[in-house]
>>> print(open('entry_33.txt').read())   # compact mmCIF, N, CA and C atoms
# COMPACT_ATOMS: atom_id res chain seq x y z
N MET A 676 -5.16 -19.52 -5.77
CA MET A 676 -3.73 -19.46 -5.54
C MET A 676 -3.38 -18.08 -4.99
N SER A 677 -2.79 -18.03 -3.83
CA SER A 677 -2.44 -16.75 -3.23
C SER A 677 -0.93 -16.56 -3.25
N ALA A 678 -0.55 -15.30 -3.38
CA ALA A 678 0.87 -14.97 -3.41
C ALA A 678 1.44 -15.04 -2.00
N ALA A 679 2.67 -15.48 -1.89
CA ALA A 679 3.33 -15.53 -0.58
C ALA A 679 3.65 -14.11 -0.14
N VAL A 680 3.32 -13.82 1.09
CA VAL A 680 3.59 -12.50 1.65
C VAL A 680 4.91 -12.56 2.38
N PRO A 681 5.86 -11.73 1.98
CA PRO A 681 7.15 -11.76 2.69
C PRO A 681 6.99 -11.29 4.12
N GLU A 682 7.78 -11.87 5.00
CA GLU A 682 7.72 -11.46 6.41
C GLU A 682 8.43 -10.11 6.54
N LEU A 683 7.73 -9.15 7.09
CA LEU A 683 8.29 -7.82 7.30
C LEU A 683 8.36 -7.59 8.80
N LYS A 684 9.47 -7.08 9.25
CA LYS A 684 9.67 -6.85 10.67
C LYS A 684 10.48 -5.57 10.84
N GLN A 685 10.03 -4.73 11.72
CA GLN A 685 10.75 -3.50 11.99
C GLN A 685 11.93 -3.82 12.90
N ILE A 686 13.15 -3.46 12.45
CA ILE A 686 14.34 -3.69 13.26
C ILE A 686 15.13 -2.40 13.37
N SER A 687 15.97 -2.34 14.36
CA SER A 687 16.78 -1.15 14.56
C SER A 687 17.97 -1.15 13.60
N ARG A 688 18.64 -0.03 13.49
CA ARG A 688 19.82 0.08 12.64
C ARG A 688 20.92 -0.87 13.14
N VAL A 689 21.08 -0.95 14.45
CA VAL A 689 22.10 -1.83 15.04
C VAL A 689 21.81 -3.28 14.67
N GLU A 690 20.55 -3.70 14.79
CA GLU A 690 20.18 -5.07 14.40
C GLU A 690 20.44 -5.32 12.92
N ALA A 691 20.15 -4.33 12.09
CA ALA A 691 20.37 -4.47 10.65
C ALA A 691 21.85 -4.64 10.33
N MET A 692 22.69 -3.92 11.04
CA MET A 692 24.13 -4.00 10.77
C MET A 692 24.71 -5.35 11.23
N ARG A 693 24.04 -6.02 12.17
CA ARG A 693 24.50 -7.31 12.67
C ARG A 693 24.07 -8.49 11.78
N LEU A 694 23.29 -8.24 10.75
CA LEU A 694 22.77 -9.33 9.93
C LEU A 694 23.87 -10.08 9.17
N GLY A 695 24.97 -9.44 8.90
CA GLY A 695 26.10 -10.13 8.29
C GLY A 695 26.17 -10.01 6.79
N PRO A 696 27.16 -10.70 6.20
CA PRO A 696 27.46 -10.53 4.77
C PRO A 696 26.40 -11.12 3.83
N GLY A 697 25.57 -12.01 4.30
CA GLY A 697 24.54 -12.61 3.44
C GLY A 697 23.35 -11.69 3.19
N TRP A 698 23.35 -10.54 3.82
CA TRP A 698 22.24 -9.61 3.71
C TRP A 698 22.69 -8.33 3.05
N SER A 699 21.83 -7.75 2.27
CA SER A 699 22.13 -6.43 1.72
C SER A 699 21.19 -5.43 2.39
N HIS A 700 21.65 -4.25 2.53
CA HIS A 700 20.88 -3.21 3.21
C HIS A 700 20.43 -2.18 2.20
N SER A 701 19.25 -1.67 2.41
CA SER A 701 18.79 -0.57 1.58
C SER A 701 18.10 0.44 2.47
N CYS A 702 18.10 1.64 2.03
CA CYS A 702 17.48 2.70 2.81
C CYS A 702 16.32 3.26 2.00
N HIS A 703 15.14 3.28 2.59
CA HIS A 703 13.96 3.81 1.92
C HIS A 703 13.40 4.95 2.75
N ALA A 704 12.89 5.92 2.09
CA ALA A 704 12.29 7.04 2.80
C ALA A 704 10.83 7.15 2.41
N MET A 705 10.00 7.32 3.39
CA MET A 705 8.59 7.58 3.13
C MET A 705 8.28 8.92 3.79
N LEU A 706 7.98 9.88 2.99
CA LEU A 706 7.67 11.20 3.50
C LEU A 706 6.17 11.40 3.42
N TYR A 707 5.61 11.96 4.47
CA TYR A 707 4.18 12.24 4.45
C TYR A 707 3.91 13.53 5.19
N ALA A 708 2.81 14.12 4.87
CA ALA A 708 2.44 15.38 5.52
C ALA A 708 0.92 15.49 5.53
N ALA A 709 0.43 16.15 6.54
CA ALA A 709 -1.00 16.42 6.59
C ALA A 709 -1.39 17.23 5.37
N ASN A 710 -2.53 16.93 4.79
CA ASN A 710 -2.98 17.64 3.60
C ASN A 710 -4.43 18.03 3.80
N PRO A 711 -4.69 19.32 4.01
CA PRO A 711 -6.07 19.75 4.23
C PRO A 711 -6.86 19.86 2.92
N GLY A 712 -6.24 19.55 1.79
CA GLY A 712 -6.89 19.69 0.49
C GLY A 712 -8.00 18.69 0.26
N GLN A 713 -8.70 18.90 -0.83
CA GLN A 713 -9.77 17.99 -1.21
C GLN A 713 -9.59 17.60 -2.67
N LEU A 714 -9.76 16.34 -2.93
CA LEU A 714 -9.67 15.81 -4.28
C LEU A 714 -10.98 16.10 -4.99
N PHE A 715 -10.91 16.61 -6.19
CA PHE A 715 -12.09 16.97 -6.99
C PHE A 715 -12.99 17.95 -6.22
N GLY A 716 -12.40 18.70 -5.28
CA GLY A 716 -13.14 19.70 -4.54
C GLY A 716 -14.10 19.17 -3.49
N ARG A 717 -14.12 17.83 -3.27
CA ARG A 717 -15.08 17.30 -2.29
C ARG A 717 -14.60 16.11 -1.47
N ILE A 718 -13.52 15.45 -1.87
CA ILE A 718 -13.04 14.27 -1.15
C ILE A 718 -11.85 14.68 -0.28
N PRO A 719 -11.98 14.62 1.06
CA PRO A 719 -10.86 15.00 1.92
C PRO A 719 -9.66 14.09 1.68
N MET A 720 -8.47 14.69 1.57
CA MET A 720 -7.28 13.91 1.28
C MET A 720 -6.55 13.47 2.54
N ARG A 721 -6.61 14.20 3.61
CA ARG A 721 -6.00 13.90 4.91
C ARG A 721 -4.47 13.85 4.88
N PHE A 722 -3.86 13.00 4.06
CA PHE A 722 -2.41 12.91 3.99
C PHE A 722 -1.96 12.80 2.54
N SER A 723 -0.79 13.34 2.28
CA SER A 723 -0.12 13.10 1.02
C SER A 723 1.12 12.30 1.36
N VAL A 724 1.36 11.25 0.62
CA VAL A 724 2.51 10.40 0.89
C VAL A 724 3.38 10.37 -0.35
N LEU A 725 4.66 10.52 -0.16
CA LEU A 725 5.61 10.44 -1.25
C LEU A 725 6.55 9.29 -0.92
N VAL A 726 6.50 8.21 -1.71
CA VAL A 726 7.30 7.01 -1.45
C VAL A 726 8.53 7.06 -2.34
N LEU A 727 9.69 7.03 -1.73
CA LEU A 727 10.98 7.06 -2.43
C LEU A 727 11.08 8.22 -3.40
N GLY A 728 10.31 9.26 -3.18
CA GLY A 728 10.38 10.43 -4.03
C GLY A 728 9.81 10.23 -5.41
N LEU A 729 9.11 9.13 -5.67
CA LEU A 729 8.64 8.83 -7.01
C LEU A 729 7.14 8.68 -7.15
N VAL A 730 6.48 8.16 -6.16
CA VAL A 730 5.08 7.79 -6.29
C VAL A 730 4.25 8.44 -5.20
N ARG A 731 3.16 9.06 -5.59
CA ARG A 731 2.23 9.59 -4.59
C ARG A 731 1.16 8.55 -4.33
N VAL A 732 0.99 8.20 -3.09
CA VAL A 732 0.03 7.18 -2.69
C VAL A 732 -1.25 7.86 -2.23
N PRO A 733 -2.38 7.55 -2.87
CA PRO A 733 -3.65 8.16 -2.43
C PRO A 733 -4.19 7.46 -1.19
N LEU A 734 -4.16 8.13 -0.06
CA LEU A 734 -4.64 7.51 1.19
C LEU A 734 -6.10 7.87 1.44
N TYR A 735 -6.92 7.58 0.44
CA TYR A 735 -8.35 7.79 0.56
C TYR A 735 -9.03 6.71 -0.28
N THR A 736 -10.28 6.46 0.03
CA THR A 736 -11.09 5.54 -0.76
C THR A 736 -12.32 6.30 -1.23
N GLN A 737 -12.60 6.23 -2.52
CA GLN A 737 -13.76 6.92 -3.05
C GLN A 737 -15.04 6.19 -2.67
N LYS A 738 -16.17 6.84 -2.89
CA LYS A 738 -17.46 6.27 -2.50
C LYS A 738 -17.74 4.92 -3.14
N ASP A 739 -17.18 4.66 -4.32
CA ASP A 739 -17.41 3.37 -4.97
C ASP A 739 -16.62 2.24 -4.31
N ARG A 740 -15.82 2.57 -3.30
CA ARG A 740 -15.01 1.64 -2.51
C ARG A 740 -13.89 0.97 -3.30
N VAL A 741 -13.62 1.47 -4.50
CA VAL A 741 -12.55 0.93 -5.33
C VAL A 741 -11.55 2.02 -5.71
N GLY A 742 -12.05 3.19 -6.03
CA GLY A 742 -11.18 4.29 -6.43
C GLY A 742 -10.30 4.77 -5.29
N GLY A 743 -9.16 5.32 -5.62
CA GLY A 743 -8.22 5.82 -4.61
C GLY A 743 -7.23 4.75 -4.20
N PHE A 744 -7.10 4.50 -2.89
CA PHE A 744 -6.11 3.55 -2.37
C PHE A 744 -6.30 2.13 -2.88
N PRO A 745 -7.53 1.57 -2.88
CA PRO A 745 -7.70 0.21 -3.40
C PRO A 745 -7.25 0.10 -4.87
N ASN A 746 -7.58 1.10 -5.67
CA ASN A 746 -7.18 1.11 -7.07
C ASN A 746 -5.66 1.15 -7.20
N PHE A 747 -5.01 1.94 -6.35
CA PHE A 747 -3.55 2.01 -6.34
C PHE A 747 -2.95 0.65 -6.03
N LEU A 748 -3.52 -0.05 -5.05
CA LEU A 748 -3.00 -1.37 -4.66
C LEU A 748 -3.18 -2.42 -5.75
N SER A 749 -4.14 -2.21 -6.65
CA SER A 749 -4.38 -3.20 -7.70
C SER A 749 -3.47 -3.01 -8.91
N ASN A 750 -2.70 -1.92 -8.95
CA ASN A 750 -1.77 -1.70 -10.06
C ASN A 750 -0.65 -2.72 -10.03
N ALA A 751 -0.30 -3.23 -11.20
CA ALA A 751 0.74 -4.25 -11.30
C ALA A 751 2.12 -3.71 -10.92
N PHE A 752 2.38 -2.44 -11.18
CA PHE A 752 3.72 -1.91 -10.92
C PHE A 752 4.09 -1.93 -9.45
N ILE A 753 3.13 -2.00 -8.57
CA ILE A 753 3.43 -1.92 -7.14
C ILE A 753 4.14 -3.18 -6.65
N SER A 754 3.86 -4.34 -7.24
CA SER A 754 4.58 -5.59 -6.99
C SER A 754 4.80 -5.84 -5.50
N THR A 755 6.02 -6.23 -5.12
CA THR A 755 6.30 -6.56 -3.72
C THR A 755 6.37 -5.32 -2.83
N ALA A 756 6.50 -4.15 -3.42
CA ALA A 756 6.50 -2.92 -2.63
C ALA A 756 5.15 -2.74 -1.94
N LYS A 757 4.12 -3.41 -2.46
CA LYS A 757 2.79 -3.34 -1.87
C LYS A 757 2.83 -3.76 -0.40
N TYR A 758 3.51 -4.86 -0.11
CA TYR A 758 3.58 -5.35 1.26
C TYR A 758 4.39 -4.40 2.15
N GLN A 759 5.43 -3.82 1.59
CA GLN A 759 6.22 -2.85 2.36
C GLN A 759 5.38 -1.61 2.66
N LEU A 760 4.61 -1.16 1.69
CA LEU A 760 3.75 0.01 1.89
C LEU A 760 2.70 -0.28 2.96
N LEU A 761 2.02 -1.41 2.85
CA LEU A 761 1.00 -1.77 3.84
C LEU A 761 1.60 -1.87 5.24
N PHE A 762 2.78 -2.48 5.33
CA PHE A 762 3.46 -2.62 6.62
C PHE A 762 3.79 -1.24 7.20
N ALA A 763 4.34 -0.36 6.37
CA ALA A 763 4.70 0.98 6.85
C ALA A 763 3.47 1.77 7.29
N LEU A 764 2.40 1.69 6.51
CA LEU A 764 1.17 2.41 6.88
C LEU A 764 0.61 1.90 8.21
N LYS A 765 0.73 0.60 8.43
CA LYS A 765 0.25 0.01 9.69
C LYS A 765 1.16 0.42 10.86
N VAL A 766 2.47 0.25 10.69
CA VAL A 766 3.42 0.55 11.76
C VAL A 766 3.38 2.03 12.15
N LEU A 767 3.24 2.90 11.16
CA LEU A 767 3.23 4.34 11.43
C LEU A 767 1.84 4.85 11.81
N ASN A 768 0.87 3.93 11.89
CA ASN A 768 -0.51 4.30 12.24
C ASN A 768 -1.06 5.41 11.35
N MET A 769 -0.73 5.33 10.06
CA MET A 769 -1.21 6.36 9.12
C MET A 769 -2.60 6.04 8.59
N MET A 770 -3.01 4.79 8.70
CA MET A 770 -4.33 4.38 8.23
C MET A 770 -4.83 3.28 9.16
N PRO A 771 -6.08 3.34 9.60
CA PRO A 771 -6.60 2.29 10.48
C PRO A 771 -6.50 0.91 9.82
N GLU A 772 -6.22 -0.09 10.63
CA GLU A 772 -6.03 -1.45 10.12
C GLU A 772 -7.24 -1.96 9.34
N GLU A 773 -8.44 -1.61 9.81
CA GLU A 773 -9.64 -2.09 9.10
C GLU A 773 -9.75 -1.44 7.72
N LYS A 774 -9.31 -0.19 7.59
CA LYS A 774 -9.32 0.48 6.28
C LYS A 774 -8.29 -0.16 5.35
N LEU A 775 -7.13 -0.54 5.90
CA LEU A 775 -6.13 -1.24 5.09
C LEU A 775 -6.71 -2.56 4.57
N ALA A 776 -7.38 -3.31 5.46
CA ALA A 776 -7.96 -4.59 5.08
C ALA A 776 -9.04 -4.41 4.01
N GLU A 777 -9.87 -3.38 4.16
CA GLU A 777 -10.91 -3.10 3.16
C GLU A 777 -10.30 -2.78 1.81
N ALA A 778 -9.23 -1.97 1.81
CA ALA A 778 -8.57 -1.58 0.56
C ALA A 778 -7.95 -2.79 -0.12
N VAL A 779 -7.31 -3.66 0.66
CA VAL A 779 -6.69 -4.87 0.09
C VAL A 779 -7.77 -5.78 -0.51
N ALA A 780 -8.88 -5.93 0.21
CA ALA A 780 -9.97 -6.77 -0.29
C ALA A 780 -10.55 -6.20 -1.59
N ALA A 781 -10.75 -4.89 -1.65
CA ALA A 781 -11.29 -4.26 -2.86
C ALA A 781 -10.32 -4.40 -4.03
N ALA A 782 -9.02 -4.22 -3.75
CA ALA A 782 -8.00 -4.36 -4.81
C ALA A 782 -7.96 -5.79 -5.32
N THR A 783 -8.04 -6.75 -4.42
CA THR A 783 -8.02 -8.16 -4.80
C THR A 783 -9.23 -8.50 -5.66
N GLU A 784 -10.39 -8.00 -5.28
CA GLU A 784 -11.61 -8.24 -6.04
C GLU A 784 -11.51 -7.63 -7.43
N LYS A 785 -10.95 -6.43 -7.51
CA LYS A 785 -10.78 -5.76 -8.81
C LYS A 785 -9.85 -6.58 -9.71
N GLN A 786 -8.75 -7.08 -9.16
CA GLN A 786 -7.82 -7.90 -9.93
C GLN A 786 -8.47 -9.19 -10.38
N LYS A 787 -9.27 -9.79 -9.51
CA LYS A 787 -9.97 -11.04 -9.82
C LYS A 787 -10.92 -10.82 -10.99
N LYS A 788 -11.68 -9.74 -10.97
CA LYS A 788 -12.62 -9.43 -12.06
C LYS A 788 -11.88 -9.19 -13.37
N ALA A 789 -10.74 -8.51 -13.30
CA ALA A 789 -9.95 -8.25 -14.50
C ALA A 789 -9.44 -9.56 -15.10
N LEU A 790 -8.99 -10.47 -14.24
CA LEU A 790 -8.52 -11.78 -14.71
C LEU A 790 -9.66 -12.59 -15.34
N GLU A 791 -10.83 -12.52 -14.73
CA GLU A 791 -11.98 -13.25 -15.27
C GLU A 791 -12.35 -12.75 -16.66
N LYS A 792 -12.18 -11.45 -16.91
CA LYS A 792 -12.44 -10.90 -18.24
C LYS A 792 -11.44 -11.41 -19.26
N LEU A 793 -10.17 -11.50 -18.82
CA LEU A 793 -9.11 -11.96 -19.72
C LEU A 793 -9.16 -13.46 -19.95
N LEU A 794 -9.49 -14.20 -18.91
CA LEU A 794 -9.49 -15.67 -18.98
C LEU A 794 -10.88 -16.19 -18.60
N PRO A 795 -11.84 -16.09 -19.51
CA PRO A 795 -13.19 -16.56 -19.17
C PRO A 795 -13.18 -18.06 -18.87
N SER A 796 -14.02 -18.45 -17.92
CA SER A 796 -14.07 -19.86 -17.54
C SER A 796 -14.56 -20.70 -18.72
N SER A 797 -14.13 -21.94 -18.77
CA SER A 797 -14.48 -22.82 -19.89
C SER A 797 -15.72 -23.65 -19.61
N SER A 798 -16.57 -23.18 -18.68
CA SER A 798 -17.79 -23.95 -18.37
C SER A 798 -18.93 -23.59 -19.28
>>> encode(input="entry_33.txt", output="structure tokens")
Amino acid sequence: MSAAVPELKQISRVEAMRLGPGWSHSCHAMLYAANPGQLFGRIPMRFSVLVLGLVRVPLYTQKDRVGGFPNFLSNAFISTAKYQLLFALKVLNMMPEEKLAEAVAAATEKQKKALEKLLPSSS
């Protein structure tokens, strides 16, 4: 069973204002900056991202291919904001599309394994 992915589309401010009374508007800010630092003194960070001023998104994947961005995507609190984050990272070319796909696959696999631990099969 897969979750429905909401359709995300980049529109201009003028287009947003024309949507009419059935739509509500919100303004989100994603701030990012080049970061020459290294995590744990050895993992290049490349970018630091601050989403809505509350959450720092790790835009790196550790050697185990799960730690970092994939692990962040597997957190339950991210909810539907996950799709908005992935869309923004893709549109702003902040992370290559293949790296986004790898991170999503690793996060999905991690969630699947966690569910299997909680709900062992009855076979």
>>> atom_distance(input="entry_33.txt", atom1="atom C of Ala778 in chain A", atom2="atom N of Asn746 in chain A")
6.8 Å
>>> residues_around(input="entry_33.txt", residues="Glu784 in chain A", least_positions_apart="2", cutoff="12 Å", atoms="only C-alpha atoms", output="ChimeraX atom specification")
/A:740-741,745-746,748-749,777-782,786-791
>>> atom_distance(input="entry_33.txt", atom1="CA of Ala763 in chain A", atom2="atom N of Gln685 in chain A")
9.2 Å
>>> atom_distance(input="entry_33.txt", atom1="CA of Ser754 in chain A", atom2="CA of Thr783 in chain A")
13.0 Å
>>> closest_residue(input="entry_33.txt", among="A:Lys792, A:Arg717, A:Phe747, A:Leu734", to="Met769 in chain A", atoms="all atoms listed in the file")
A:Leu734
>>> build_atoms(input="entry_33.txt", residues="range 764-779 of chain A", atoms="N, CA, C and O atoms", output="compact mmCIF listing (two decimals), in the frame of the given file")
# COMPACT_ATOMS: atom_id res chain seq x y z
N LEU A 764 2.40 1.69 6.51
CA LEU A 764 1.17 2.41 6.88
C LEU A 764 0.61 1.90 8.21
O LEU A 764 0.12 2.68 9.02
N LYS A 765 0.73 0.60 8.43
CA LYS A 765 0.25 0.01 9.69
C LYS A 765 1.16 0.42 10.86
O LYS A 765 0.68 0.88 11.89
N VAL A 766 2.47 0.25 10.69
CA VAL A 766 3.42 0.55 11.76
C VAL A 766 3.38 2.03 12.15
O VAL A 766 3.47 2.37 13.32
N LEU A 767 3.24 2.90 11.16
CA LEU A 767 3.23 4.34 11.43
C LEU A 767 1.84 4.85 11.81
O LEU A 767 1.65 6.04 12.02
N ASN A 768 0.87 3.93 11.89
CA ASN A 768 -0.51 4.30 12.24
C ASN A 768 -1.06 5.41 11.35
O ASN A 768 -1.77 6.30 11.81
N MET A 769 -0.73 5.33 10.06
CA MET A 769 -1.21 6.36 9.12
C MET A 769 -2.60 6.04 8.59
O MET A 769 -3.27 6.91 8.05
N MET A 770 -3.01 4.79 8.70
CA MET A 770 -4.33 4.38 8.23
C MET A 770 -4.83 3.28 9.16
O MET A 770 -4.07 2.37 9.48
N PRO A 771 -6.08 3.34 9.60
CA PRO A 771 -6.60 2.29 10.48
C PRO A 771 -6.50 0.91 9.82
O PRO A 771 -6.68 0.78 8.61
N GLU A 772 -6.22 -0.09 10.63
CA GLU A 772 -6.03 -1.45 10.12
C GLU A 772 -7.24 -1.96 9.34
O GLU A 772 -7.09 -2.62 8.32
N GLU A 773 -8.44 -1.61 9.81
CA GLU A 773 -9.64 -2.09 9.10
C GLU A 773 -9.75 -1.44 7.72
O GLU A 773 -10.22 -2.07 6.77
N LYS A 774 -9.31 -0.19 7.59
CA LYS A 774 -9.32 0.48 6.28
C LYS A 774 -8.29 -0.16 5.35
O LYS A 774 -8.53 -0.29 4.14
N LEU A 775 -7.13 -0.54 5.90
CA LEU A 775 -6.13 -1.24 5.09
C LEU A 775 -6.71 -2.56 4.57
O LEU A 775 -6.57 -2.89 3.40
N ALA A 776 -7.38 -3.31 5.46
CA ALA A 776 -7.96 -4.59 5.08
C ALA A 776 -9.04 -4.41 4.01
O ALA A 776 -9.11 -5.18 3.05
N GLU A 777 -9.87 -3.38 4.16
CA GLU A 777 -10.91 -3.10 3.16
C GLU A 777 -10.30 -2.78 1.81
O GLU A 777 -10.77 -3.25 0.77
N ALA A 778 -9.23 -1.97 1.81
CA ALA A 778 -8.57 -1.58 0.56
C ALA A 778 -7.95 -2.79 -0.12
O ALA A 778 -8.05 -2.95 -1.34
N VAL A 779 -7.31 -3.66 0.66
CA VAL A 779 -6.69 -4.87 0.09
C VAL A 779 -7.77 -5.78 -0.51
O VAL A 779 -7.61 -6.30 -1.61
